[in-house]
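Just below is one structure, and these are the notes that go with it.
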Amino acid sequence: MAPSVAYDLMLLIWRIATNVFFREIRPRGSYNIPREGAVLVVGAPHHNQFLDPLLLMSEVYRESRRQVSFITAAKSMEHPLIGPFTRLMQSIPVIRPQDAAKAGAGYVLLDDRDALLLHGIGTKFTSECKPRSRISLPSSAGSLSAEITEILSDTELKVKAEFGTDSGKGSSKFRDKAAEARAAGKPGISYKIAPHIDQSAMFGAVYNKLRDGGCIGIFPEGGSHDRTDFLPFKAGVALMGLGAMAENPDLKVRIQPVGLSYFHAHKFRSRAVVEFGEPLDIPRDLVELFKQGGDKKREASSKLLDMIYEALKTVTFRAPDYDTLMVIQAARRLYKAPGEHLTLSQVVELNKRFIEGYLHFKDEPRVQQLRADVIKYNRLVRDLGLRDHQVPRAQRAGWKTLGLLVYRLGLLTVWSTFSVPGVVMNAPVFLLAKLISQKKQREALAGSSVKIAAKDVVGTWKVLISLVVVPFLYSAYAALATIIAIKSGMPMKWRIWAPFLVLSVLPAMSYAALKFGEAGMDVLKSLPPLMLSLMPGQSKQLDRVKKMREKLSEELTEVIDLYGPQLYENFEAYRMLTPSSQVRPVASSRPGYTRRKSGPGLVDGQDSPLVHPMTWIDEHLFGWSRSSKRGTSALFGASTPAVSTPGASRPATPEVSDDDGHGDYEDLLGYLSTAQEGNKKRLRSARSSYADLQQLKSPISSTALSSSVPAVSGGLRLRQPGANGDSSKTNSPDSPTFRTGTRSRKASLSDNVDVKRLEVVPPKASFEDATNELNQENRIQRDKHD
């Protein structure tokens with residue numbers, strides 16, 4: 001089989017697997033991917049072991065039709081389960097010193113005065129160690145390591161620098177652990193010896209691939225982890241780019257930064273965002289510096305590594321610790337208006353801005369107090385069994401609440417019944433995947449000094465075990481069906497067809513169980529606020545937590561308004577959302593504009609029970625329909641005339657958090673495609689990214705835009721710069737967060753993409769033709785700059 005065909009086939013298999021595991025995979029900025037030439041695809045953070053490269057390869061191929069060869073640990077390529085897949089995906093093996101490490105004889109102690117002198121007890125340094133090899137301590141001693149420079153005897157050797165880790169020196173820790181070991185009756189600390197590895201073969205393969213204009217993928221952190229921030233970057237990626245250009249003077253290598261953001265990465269049916277940043281050109285002056293070798297070579301590599309680090313910071317969300325991450329996510333939910341649903345891309349962008357602001361002003365007393373209050377609120381909501389987005393809706397409404405609870409319990413029963421056959425048939429897969437992934441998680445945690453809970457390996461092993469077990473399980477079911485057909489005396493044609501019918505029905509049954517199970521889980525998560533509102537004596541508790549949320553939302557808005565202008569230039573012009581303290585929840589008054597690619601099916605106003613039965617019946621039986629004038633609902637009560645439109649009283653049902661999202665800019669593309677006459681075909685880039693939206697957001701007359709684009713709800717803002725530089729705001733009757741009129745603003749999008757006006761697209765022009773023309777103009781402009 002040709003390598004290209006094998007790659008495409010394996011990528012198809014993995015794409016099916018990842019699309020089953022993830023509920024949604026959303027790319028951002030895919031138009032940034034270079035369509036030709038040598039490219040180093042650099043991804044971070046590495047939070048999902050083997051699924052990370054699969055997502056990157058899949059999204060790069062889907063958007064640019066380019067094949068990416070990843071640098072993969074040789075140990076993984078030798079694995080009987082993983083190895084065949086990685087070889088077919090054209091991976092390049094790299095031998096890691098820690099994978100070749102062997103236990104050394106005896107025990108070691110650090111000299112009391114000289115931090116570079118190591119003493120051994122029962123050791124064989126002369127036969128087991130060589131200069132440039134590394135000696136490392138176990139994880140119980142902090143996984144400290146050092147490079148050996150000189151072997152003095154079987155019991156003494158010198159190291160190049162003090163024992164330590166990527167985070168700093170650890171000589172004092174070494175001595176403390178050695179003292180603890182001796183107090184426990186051991187002569188010292190056990191150790192391992194990792195040989196020096198010649199990586200010339202690996203670098204040669206990379207240089208050849210880049211010379212031929214290929215794509216190389218690498219995670220500069222060196223290994224997967226589940227920390228909230230980057231691990232220190234390894235120099236390998238810098239050496240690859242600089243070395244390739246040093247060997248081939250005419251070669252131009254570009255670096256494509258890619259950020260991976262997961263929402264519960266280790267859980268089945270979670271979500272992922274793959275964000276492509278602006279590619280970097282490796283400066284020629286760094287290549288010349290690299291060619292000089294020695295300290296100059298290290299200086300060039302360090303400078304390029306710093307450039308890569310800064311580029312990856314723009315496409316990733318990094319928190320210093322887990323508690324801060326939880327506070328930031330809670331603050332984001334408090335800041336947005338209740339009922340306002342954010343795309344996955346908006347969630348990622350808001351997370352970035354919140355963490356940037358928090359880290360900048362975290363020592364301010366008001367910020368510290370706000371953090372403490374948010375933690376207290378999170379604990380109270382958790383104790384009540386609620387989720388934050390359910391708090392504004394939870395209130396007593398008499399018989400309607402009881403009716404809605406009974407209805408949803410019935411719906412839960414129906415969905416559960418439909419999903420039972422598939423769940424039972426696939427139960428062995430679920431059990432084995434869970435048990436084996438948990439075992440691998442414990443092994444990974446025991447063998448690592450950087451992992452917190454080793455959740456980065458869980459998702460990978462769930463997918464791998466499923467891929468192996470499912471074919472055998474379905475084959476067993478097919479054989480069982482054949483045996484039953486024979487035993488029951490069925491005609492020969494049914495005996496022959498029995499296994500084929502089973503093998504064709506089982507995938508469909510499994511998929512149906514998956515979708516029904518998702519709907520059932522959505523219903524199940526919507527029950528706590530209904531049950532809580534019916535419990536005696538809970539009204540005061542609900543009122544308390546609602547008032548606490550309102551107060552926190554107001555305080556958060558004031559803090560952001562106070563410190564935001566100090567951090568961001570022209571802060572008001574670049575607000576992503578209207579703060580929740582200034583907005584009341586509303587819904588769209590026009591049907592069909594909010595579309596979901598996946599998820600529980602929040603479709604506002606599409607009058608069909610097939611869209612999502614719970615949404616449809618909630619609207620028509622419980623007063624949440626678009627025709628409801630009073631806006632009475634079981635959770636909301638009466639609507640507020642000041643902000644309501646006819647029928648704008650329905651909250652999102654069953655239960656949708658902003659993490660669910662609608663997809664990247666999918667709302668805006670929906671409006672634009674709706675305005676086109678006779679053009680129902682959507683480009684791949686329009687379905688999967690916001691490719692070339694800088695043209696769609698370029699200056700257009702307000703008249704032309706308003707005549708072709710319907711009003712927007714849910715917090716999305718379209719701003720059109722005016723020629724005179726004046727700025728005005730007019731709230732749409734459909735949404736207090738929608739802006740019309742003109743505003744003077746910089747030539748950029750919220751995603752830091754530089755834009756400029758190329759031309760005005762006629763309203764009646766074909767959407768596809770206009771986009772292709774604009775893309776072509778983009779390429780011409782880019783080539784001029786290059």
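Following the order of the structure tokens, chains are lettered A, B, ..., residues in each are numbered from 1, and ligands are numbered from 1.
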> Can you list, as a PyMOL selection string, every protein, DNA or RNA residue that comes within 8 Å of region 543-555 of chain A when you count only C-alpha atoms, leaving out same-chain residues fewer than 4 positions away?
Replying inline: chain A and resi 334-335+370+373-374+377+380-381+391-392+539+559+580-581
Kindly export the residues of the current selection with N, CA and C atoms, as a PDB file, in the first residue's frame.
ATOM      1  N   LEU A 334     -20.160  34.084  35.437  1.00  0.00           N
ATOM      2  CA  LEU A 334     -20.838  35.171  36.140  1.00  0.00           C
ATOM      3  C   LEU A 334     -20.889  36.438  35.296  1.00  0.00           C
ATOM      4  N   TYR A 335     -19.917  36.610  34.418  1.00  0.00           N
ATOM      5  CA  TYR A 335     -19.829  37.837  33.641  1.00  0.00           C
ATOM      6  C   TYR A 335     -20.808  37.852  32.495  1.00  0.00           C
ATOM      7  N   LEU A 370     -12.620  39.254  45.732  1.00  0.00           N
ATOM      8  CA  LEU A 370     -13.522  38.700  44.731  1.00  0.00           C
ATOM      9  C   LEU A 370     -13.244  37.219  44.514  1.00  0.00           C
ATOM     10  N   ASP A 373     -14.770  35.295  47.372  1.00  0.00           N
ATOM     11  CA  ASP A 373     -16.239  35.244  47.263  1.00  0.00           C
ATOM     12  C   ASP A 373     -16.681  34.267  46.172  1.00  0.00           C
ATOM     13  N   VAL A 374     -15.944  34.218  45.072  1.00  0.00           N
ATOM     14  CA  VAL A 374     -16.289  33.290  43.990  1.00  0.00           C
ATOM     15  C   VAL A 374     -16.117  31.846  44.456  1.00  0.00           C
ATOM     16  N   TYR A 377     -19.039  31.019  46.622  1.00  0.00           N
ATOM     17  CA  TYR A 377     -20.244  30.824  45.808  1.00  0.00           C
ATOM     18  C   TYR A 377     -20.199  29.458  45.121  1.00  0.00           C
ATOM     19  N   LEU A 380     -21.170  26.791  47.587  1.00  0.00           N
ATOM     20  CA  LEU A 380     -22.583  26.813  47.925  1.00  0.00           C
ATOM     21  C   LEU A 380     -23.429  26.204  46.808  1.00  0.00           C
ATOM     22  N   VAL A 381     -23.128  26.556  45.566  1.00  0.00           N
ATOM     23  CA  VAL A 381     -23.870  26.005  44.431  1.00  0.00           C
ATOM     24  C   VAL A 381     -23.669  24.504  44.338  1.00  0.00           C
ATOM     25  N   VAL A 391     -28.818  28.559  38.287  1.00  0.00           N
ATOM     26  CA  VAL A 391     -29.183  29.398  39.428  1.00  0.00           C
ATOM     27  C   VAL A 391     -30.155  30.506  39.051  1.00  0.00           C
ATOM     28  N   PRO A 392     -29.921  31.309  37.981  1.00  0.00           N
ATOM     29  CA  PRO A 392     -30.865  32.398  37.674  1.00  0.00           C
ATOM     30  C   PRO A 392     -32.267  31.911  37.333  1.00  0.00           C
ATOM     31  N   SER A 539     -36.892  27.652  49.350  1.00  0.00           N
ATOM     32  CA  SER A 539     -37.058  28.940  48.691  1.00  0.00           C
ATOM     33  C   SER A 539     -36.056  29.967  49.202  1.00  0.00           C
ATOM     34  N   VAL A 559     -15.123  45.462  38.890  1.00  0.00           N
ATOM     35  CA  VAL A 559     -13.686  45.195  38.897  1.00  0.00           C
ATOM     36  C   VAL A 559     -13.130  45.206  37.468  1.00  0.00           C
ATOM     37  N   SER A 580     -23.260  40.720  32.483  1.00  0.00           N
ATOM     38  CA  SER A 580     -24.543  40.156  32.889  1.00  0.00           C
ATOM     39  C   SER A 580     -25.313  41.087  33.806  1.00  0.00           C
ATOM     40  N   SER A 581     -24.604  41.941  34.553  1.00  0.00           N
ATOM     41  CA  SER A 581     -25.289  42.847  35.468  1.00  0.00           C
ATOM     42  C   SER A 581     -26.055  43.929  34.716  1.00  0.00           C
TER      43      SER A 581
END
Per residue of region 458-565 of chain A within 12 Å of region 52-63 of chain A, note the shortest atom pair and the distance in Å to one decimal, counting only C-alpha atoms, and order the rows by chain and increasing residue number, as a tab-separated table.
residue	atom	partner	partner_atom	distance
A:Gly459	CA	A:Asp52	CA	10.2
A:Thr460	CA	A:Asp52	CA	9.0
A:Val463	CA	A:Leu54	CA	11.5
>> Let's see if you can do this: from backbone DSSP, list all alpha helix (DSSP H) residues in region 180-309 of chain A, as JSON, numbers by chain.
In response: {"A": [180, 181, 182, 183, 200, 201, 202, 203, 204, 205, 206, 207, 208, 209, 210, 211, 236, 237, 238, 239, 240, 241, 242, 243, 244, 245, 246, 247, 284, 285, 286, 287, 288, 289, 290, 291, 294, 295, 296, 297, 298, 299, 300, 301, 302, 303, 304, 305, 306, 307, 308, 309]}
Same residues, C-alpha atoms, saved as a PDB file, in the first residue's frame:
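Okay, result_13.pdb is ready:
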ATOM      1  CA  GLU A 180      15.536  10.096  55.340  1.00  0.00           C
ATOM      2  CA  ALA A 181      16.675   6.935  53.539  1.00  0.00           C
ATOM      3  CA  ARG A 182      19.498   6.357  56.004  1.00  0.00           C
ATOM      4  CA  ALA A 183      17.160   6.916  58.919  1.00  0.00           C
ATOM      5  CA  SER A 200      21.562  12.418  14.231  1.00  0.00           C
ATOM      6  CA  ALA A 201      19.334   9.855  12.469  1.00  0.00           C
ATOM      7  CA  MET A 202      16.179  11.513  13.743  1.00  0.00           C
ATOM      8  CA  PHE A 203      17.357  15.009  12.798  1.00  0.00           C
ATOM      9  CA  GLY A 204      18.407  13.706   9.375  1.00  0.00           C
ATOM     10  CA  ALA A 205      14.892  12.358   8.738  1.00  0.00           C
ATOM     11  CA  VAL A 206      13.378  15.684   9.822  1.00  0.00           C
ATOM     12  CA  TYR A 207      15.734  17.714   7.594  1.00  0.00           C
ATOM     13  CA  ASN A 208      14.877  15.529   4.584  1.00  0.00           C
ATOM     14  CA  LYS A 209      11.155  15.897   5.183  1.00  0.00           C
ATOM     15  CA  LEU A 210      11.407  19.679   5.482  1.00  0.00           C
ATOM     16  CA  ARG A 211      13.704  19.915   2.470  1.00  0.00           C
ATOM     17  CA  GLY A 236      14.507  20.028  19.784  1.00  0.00           C
ATOM     18  CA  VAL A 237      11.968  22.070  17.821  1.00  0.00           C
ATOM     19  CA  ALA A 238      14.398  25.007  17.536  1.00  0.00           C
ATOM     20  CA  LEU A 239      17.213  22.710  16.461  1.00  0.00           C
ATOM     21  CA  MET A 240      15.001  21.197  13.763  1.00  0.00           C
ATOM     22  CA  GLY A 241      14.004  24.510  12.208  1.00  0.00           C
ATOM     23  CA  LEU A 242      17.416  26.183  12.427  1.00  0.00           C
ATOM     24  CA  GLY A 243      19.298  23.025  11.448  1.00  0.00           C
ATOM     25  CA  ALA A 244      17.154  22.417   8.370  1.00  0.00           C
ATOM     26  CA  MET A 245      17.682  25.987   7.129  1.00  0.00           C
ATOM     27  CA  ALA A 246      21.413  25.834   7.947  1.00  0.00           C
ATOM     28  CA  GLU A 247      21.811  22.667   5.860  1.00  0.00           C
ATOM     29  CA  ARG A 284      17.790  34.413   8.752  1.00  0.00           C
ATOM     30  CA  ASP A 285      19.988  36.160  11.302  1.00  0.00           C
ATOM     31  CA  LEU A 286      19.235  33.368  13.796  1.00  0.00           C
ATOM     32  CA  VAL A 287      20.241  30.800  11.185  1.00  0.00           C
ATOM     33  CA  GLU A 288      23.574  32.573  10.661  1.00  0.00           C
ATOM     34  CA  LEU A 289      24.080  32.706  14.424  1.00  0.00           C
ATOM     35  CA  PHE A 290      23.239  28.993  14.643  1.00  0.00           C
ATOM     36  CA  LYS A 291      25.882  28.134  12.031  1.00  0.00           C
ATOM     37  CA  GLY A 294      29.027  26.587  20.417  1.00  0.00           C
ATOM     38  CA  ASP A 295      27.497  29.294  22.579  1.00  0.00           C
ATOM     39  CA  LYS A 296      26.169  31.113  19.499  1.00  0.00           C
ATOM     40  CA  LYS A 297      24.254  27.997  18.482  1.00  0.00           C
ATOM     41  CA  ARG A 298      22.685  27.742  21.926  1.00  0.00           C
ATOM     42  CA  GLU A 299      21.846  31.452  21.860  1.00  0.00           C
ATOM     43  CA  ALA A 300      20.088  31.138  18.495  1.00  0.00           C
ATOM     44  CA  SER A 301      18.132  28.102  19.665  1.00  0.00           C
ATOM     45  CA  SER A 302      17.113  29.869  22.875  1.00  0.00           C
ATOM     46  CA  LYS A 303      15.886  32.953  20.998  1.00  0.00           C
ATOM     47  CA  LEU A 304      13.817  30.881  18.564  1.00  0.00           C
ATOM     48  CA  LEU A 305      12.399  28.849  21.451  1.00  0.00           C
ATOM     49  CA  ASP A 306      11.325  32.110  23.112  1.00  0.00           C
ATOM     50  CA  MET A 307       9.569  33.167  19.882  1.00  0.00           C
ATOM     51  CA  ILE A 308       7.722  29.844  19.751  1.00  0.00           C
ATOM     52  CA  TYR A 309       6.736  30.148  23.410  1.00  0.00           C
TER      53      TYR A 309
END
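Pairwise distance (CA of Gly170 (chain A), CA of Val94 (chain A)) equals 28.1 Å.
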> How many Å lie between CA of Pro536 (chain A) and CA of Leu402 (chain A), rounded to one decimal?
Replying inline: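 Here the two named atoms are 13.3 Å from each other.
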> Where in region 150-314 of chain A does DSSP assign strand (DSSP E), given as a PyMOL selection string?
Replying inline: chain A and resi 150-153+156-159+164-165+168-169+192-194+215-218+253-263+270-276+280-281
Let's have the selection written as a compact mmCIF listing (two decimals), in the first residue's frame, with C-alpha atoms.
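Full text of again12.txt as output:
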# COMPACT_ATOMS: atom_id res chain seq x y z
CA GLU A 150 33.94 12.49 34.91
CA ILE A 151 34.09 9.04 36.48
CA LEU A 152 36.67 8.99 39.27
CA SER A 153 36.20 5.41 40.51
CA GLU A 156 32.87 8.40 42.95
CA LEU A 157 31.93 10.54 39.97
CA LYS A 158 31.56 14.19 39.01
CA VAL A 159 28.46 15.80 37.47
CA GLY A 164 17.81 19.40 39.80
CA THR A 165 14.75 19.43 37.58
CA GLY A 168 15.39 24.50 39.55
CA LYS A 169 18.24 23.08 41.59
CA LYS A 192 19.07 5.03 37.21
CA ILE A 193 21.58 5.66 34.42
CA ALA A 194 20.33 7.07 31.10
CA CYS A 215 5.09 19.11 7.48
CA ILE A 216 6.62 17.96 10.77
CA GLY A 217 4.55 17.93 13.96
CA ILE A 218 6.02 18.18 17.44
CA VAL A 253 10.86 26.86 7.24
CA ARG A 254 7.72 28.29 8.82
CA ILE A 255 6.47 27.47 12.31
CA GLN A 256 2.72 26.97 12.77
CA PRO A 257 1.70 27.40 16.45
CA VAL A 258 -1.36 25.38 17.48
CA GLY A 259 -3.18 25.61 20.79
CA LEU A 260 -5.31 22.76 22.15
CA SER A 261 -8.11 23.56 24.58
CA TYR A 262 -10.17 20.73 26.06
CA PHE A 263 -13.31 20.72 28.14
CA SER A 270 -16.19 16.02 25.78
CA ARG A 271 -15.26 18.98 23.56
CA ALA A 272 -12.05 20.30 22.03
CA VAL A 273 -10.92 23.51 20.34
CA VAL A 274 -7.92 23.45 17.99
CA GLU A 275 -6.65 26.98 17.43
CA PHE A 276 -4.14 27.83 14.69
CA LEU A 280 6.23 32.39 12.20
CA ASP A 281 9.09 32.82 9.76
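Minimum atom-to-atom distance to Asp229 (chain A), evaluated using only C-alpha atoms, belongs to A:Leu325 out of A:Leu137, A:Leu325, A:Ile560, A:Ala146.
In terms of minimum interatomic distance to Arg387 (chain A), A:Leu527 ranks closest within A:Ile452, A:Leu527, A:Leu464, A:Ala498, counting only C-alpha atoms.
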> Contacts of Ile135 (chain A) at 10 Å or less, counting only C-alpha atoms, minus same-chain residues fewer than 2 places along, as a ChimeraX atom specification?
Replying inline: /A:101-104,129,132-133,137,144-148,159,163,191-195
Output the selection as a compact mmCIF listing (two decimals), in the first residue's frame - N, CA and C atoms for each residue.
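Done, and the output landed in selection.txt:
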# COMPACT_ATOMS: atom_id res chain seq x y z
N ALA A 101 16.81 4.32 30.14
CA ALA A 101 17.46 4.32 31.45
C ALA A 101 17.39 2.93 32.09
N LYS A 102 18.47 2.56 32.80
CA LYS A 102 18.54 1.28 33.52
C LYS A 102 18.95 1.52 34.97
N ALA A 103 18.45 0.68 35.83
CA ALA A 103 18.78 0.81 37.26
C ALA A 103 20.26 0.54 37.49
N GLY A 104 20.87 1.39 38.31
CA GLY A 104 22.28 1.21 38.64
C GLY A 104 22.46 0.39 39.91
N CYS A 129 28.62 3.52 33.90
CA CYS A 129 28.45 4.93 33.53
C CYS A 129 29.47 5.37 32.50
N ARG A 132 28.73 12.12 29.73
CA ARG A 132 27.57 12.63 28.98
C ARG A 132 26.29 11.83 29.23
N SER A 133 26.40 10.68 29.92
CA SER A 133 25.16 10.01 30.32
C SER A 133 24.58 10.74 31.53
N LEU A 137 17.40 10.23 39.93
CA LEU A 137 16.84 9.65 41.15
C LEU A 137 15.37 9.30 40.94
N LEU A 144 15.19 14.06 40.56
CA LEU A 144 16.36 14.90 40.28
C LEU A 144 17.31 14.17 39.34
N SER A 145 18.02 14.94 38.50
CA SER A 145 18.95 14.33 37.56
C SER A 145 20.11 15.27 37.28
N ALA A 146 21.20 14.73 36.75
CA ALA A 146 22.38 15.52 36.39
C ALA A 146 23.18 14.76 35.35
N GLU A 147 23.95 15.52 34.55
CA GLU A 147 24.79 14.92 33.52
C GLU A 147 26.17 14.59 34.09
N ILE A 148 26.64 13.40 33.80
CA ILE A 148 27.94 12.95 34.29
C ILE A 148 29.06 13.52 33.40
N VAL A 159 29.55 15.41 38.37
CA VAL A 159 28.46 15.80 37.47
C VAL A 159 28.71 17.20 36.95
N PHE A 163 22.38 18.66 40.84
CA PHE A 163 21.17 17.89 40.62
C PHE A 163 19.95 18.82 40.68
N TYR A 191 19.07 4.68 42.10
CA TYR A 191 19.23 5.60 40.96
C TYR A 191 19.14 4.83 39.64
N LYS A 192 19.06 5.61 38.55
CA LYS A 192 19.07 5.03 37.21
C LYS A 192 20.10 5.78 36.36
N ILE A 193 20.62 5.07 35.35
CA ILE A 193 21.58 5.66 34.42
C ILE A 193 20.94 5.69 33.04
N ALA A 194 20.86 6.90 32.45
CA ALA A 194 20.33 7.07 31.10
C ALA A 194 21.48 7.39 30.15
N PRO A 195 21.69 6.59 29.13
CA PRO A 195 22.83 6.83 28.22
C PRO A 195 22.63 8.07 27.37
> What is the distance, in Å and to one decimal place, between CA of Leu412 (chain A) and CA of Ala330 (chain A)?
Replying inline: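 So the two atoms, CA of Leu412 (chain A) and CA of Ala330 (chain A), lie 28.6 Å apart.
Once region 423-429 of chain A and its same-chain neighbours fewer than 3 positions away are set aside, Ser416, Phe418, Ser419, Val420, Leu432, Ala433, Lys434, Lys462, Ile465, Ser466, Leu467, Val468, Val469, Val470, Leu473, Tyr474, Tyr477, Leu506, Met509, Ser510, Ala512, Ala513, Leu514 and Gly517 of chain A remain within 10 Å of it when counting only C-alpha atoms.
Using only C-alpha atoms for every distance, the candidate list A:Arg26, A:Lys336, A:Arg175, A:Arg66 yields A:Arg66 as the residue closest to Leu11 (chain A).
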>> For a quick check of understanding, using only C-alpha atoms, which of A:Ser172, A:Gln199, A:Gln438, A:Gln566 has the smallest distance to His360 (chain A)?
In response: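 Ranking A:Ser172, A:Gln199, A:Gln438, A:Gln566 by distance to His360 (chain A), first place goes to A:Gln566.
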Need to verify the contact set: Ala141 (chain A), 9 Å, only C-alpha atoms, exclusion of same-chain residues closer than 4 positions in sequence. Can you return it as a PDB file with N, CA and C atoms, in the first residue's frame?
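Output file result-v6.pdb is given in full below:
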ATOM      1  N   LEU A 137      17.398  10.229  39.929  1.00  0.00           N
ATOM      2  CA  LEU A 137      16.840   9.653  41.155  1.00  0.00           C
ATOM      3  C   LEU A 137      15.374   9.300  40.940  1.00  0.00           C
ATOM      4  N   LYS A 173      17.482  19.128  48.545  1.00  0.00           N
ATOM      5  CA  LYS A 173      16.459  18.085  48.581  1.00  0.00           C
ATOM      6  C   LYS A 173      17.101  16.710  48.487  1.00  0.00           C
ATOM      7  N   PHE A 174      18.135  16.581  47.652  1.00  0.00           N
ATOM      8  CA  PHE A 174      18.877  15.330  47.527  1.00  0.00           C
ATOM      9  C   PHE A 174      19.410  14.916  48.907  1.00  0.00           C
ATOM     10  N   LYS A 177      16.564  13.828  51.306  1.00  0.00           N
ATOM     11  CA  LYS A 177      16.026  12.504  50.993  1.00  0.00           C
ATOM     12  C   LYS A 177      17.024  11.406  51.356  1.00  0.00           C
ATOM     13  N   ALA A 178      18.309  11.705  51.159  1.00  0.00           N
ATOM     14  CA  ALA A 178      19.324  10.710  51.535  1.00  0.00           C
ATOM     15  C   ALA A 178      19.331  10.500  53.049  1.00  0.00           C
ATOM     16  N   ILE A 189      20.273   6.373  48.319  1.00  0.00           N
ATOM     17  CA  ILE A 189      19.126   6.458  47.403  1.00  0.00           C
ATOM     18  C   ILE A 189      19.434   5.642  46.153  1.00  0.00           C
TER      19      ILE A 189
END
>> For Lys451 (chain A), find every residue with an atom within 8 Å (counting only C-alpha atoms), except residues of its own chain fewer than 4 positions away, and show them as a VMD selection string.
In response: chain A and resid 225 to 227 445
Take the residues from that selection and write them out as an mmCIF file, in the first residue's frame, keeping C-alpha atoms.
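Full text of part00.cif as output:
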data_model
loop_
_atom_site.group_PDB
_atom_site.id
_atom_site.type_symbol
_atom_site.label_atom_id
_atom_site.label_comp_id
_atom_site.auth_asym_id
_atom_site.auth_seq_id
_atom_site.Cartn_x
_atom_site.Cartn_y
_atom_site.Cartn_z
ATOM 1 C CA HIS A 225 0.843 16.017 31.227
ATOM 2 C CA ASP A 226 -2.271 17.297 33.006
ATOM 3 C CA ARG A 227 -0.922 20.519 34.490
ATOM 4 C CA LEU A 445 1.288 8.688 37.627
#
>> I want to know what sits within 9 Å of Pro528 (chain A), based on only C-alpha atoms, with residues of the same chain fewer than 5 positions away left out; could you give that as a list of chain:residue names?
In response: A:Leu384, A:Gly385, A:Leu386, A:Arg387, A:Gln390, A:Ser533
Output of the above residues as a PDB file, in the first residue's frame, restricted to N, CA, C and O atoms:
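And here's result_17.pdb as it stands now:
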ATOM      1  N   LEU A 384     -25.716  22.638  46.863  1.00  0.00           N
ATOM      2  CA  LEU A 384     -27.139  22.578  46.514  1.00  0.00           C
ATOM      3  C   LEU A 384     -27.424  21.609  45.376  1.00  0.00           C
ATOM      4  O   LEU A 384     -28.582  21.339  45.047  1.00  0.00           O
ATOM      5  N   GLY A 385     -26.371  21.088  44.769  1.00  0.00           N
ATOM      6  CA  GLY A 385     -26.559  20.158  43.659  1.00  0.00           C
ATOM      7  C   GLY A 385     -26.918  20.848  42.363  1.00  0.00           C
ATOM      8  O   GLY A 385     -27.477  20.211  41.458  1.00  0.00           O
ATOM      9  N   LEU A 386     -26.599  22.140  42.235  1.00  0.00           N
ATOM     10  CA  LEU A 386     -26.932  22.908  41.033  1.00  0.00           C
ATOM     11  C   LEU A 386     -25.670  23.212  40.240  1.00  0.00           C
ATOM     12  O   LEU A 386     -24.555  23.001  40.697  1.00  0.00           O
ATOM     13  N   ARG A 387     -25.903  23.731  39.041  1.00  0.00           N
ATOM     14  CA  ARG A 387     -24.832  24.306  38.252  1.00  0.00           C
ATOM     15  C   ARG A 387     -25.098  25.799  38.119  1.00  0.00           C
ATOM     16  O   ARG A 387     -26.243  26.239  38.226  1.00  0.00           O
ATOM     17  N   GLN A 390     -27.908  27.234  36.109  1.00  0.00           N
ATOM     18  CA  GLN A 390     -29.252  26.901  36.550  1.00  0.00           C
ATOM     19  C   GLN A 390     -29.743  27.838  37.651  1.00  0.00           C
ATOM     20  O   GLN A 390     -30.945  27.914  37.904  1.00  0.00           O
ATOM     21  N   SER A 533     -36.640  23.209  43.772  1.00  0.00           N
ATOM     22  CA  SER A 533     -37.666  24.242  43.935  1.00  0.00           C
ATOM     23  C   SER A 533     -38.936  23.695  44.563  1.00  0.00           C
ATOM     24  O   SER A 533     -39.733  24.451  45.121  1.00  0.00           O
TER      25      SER A 533
END
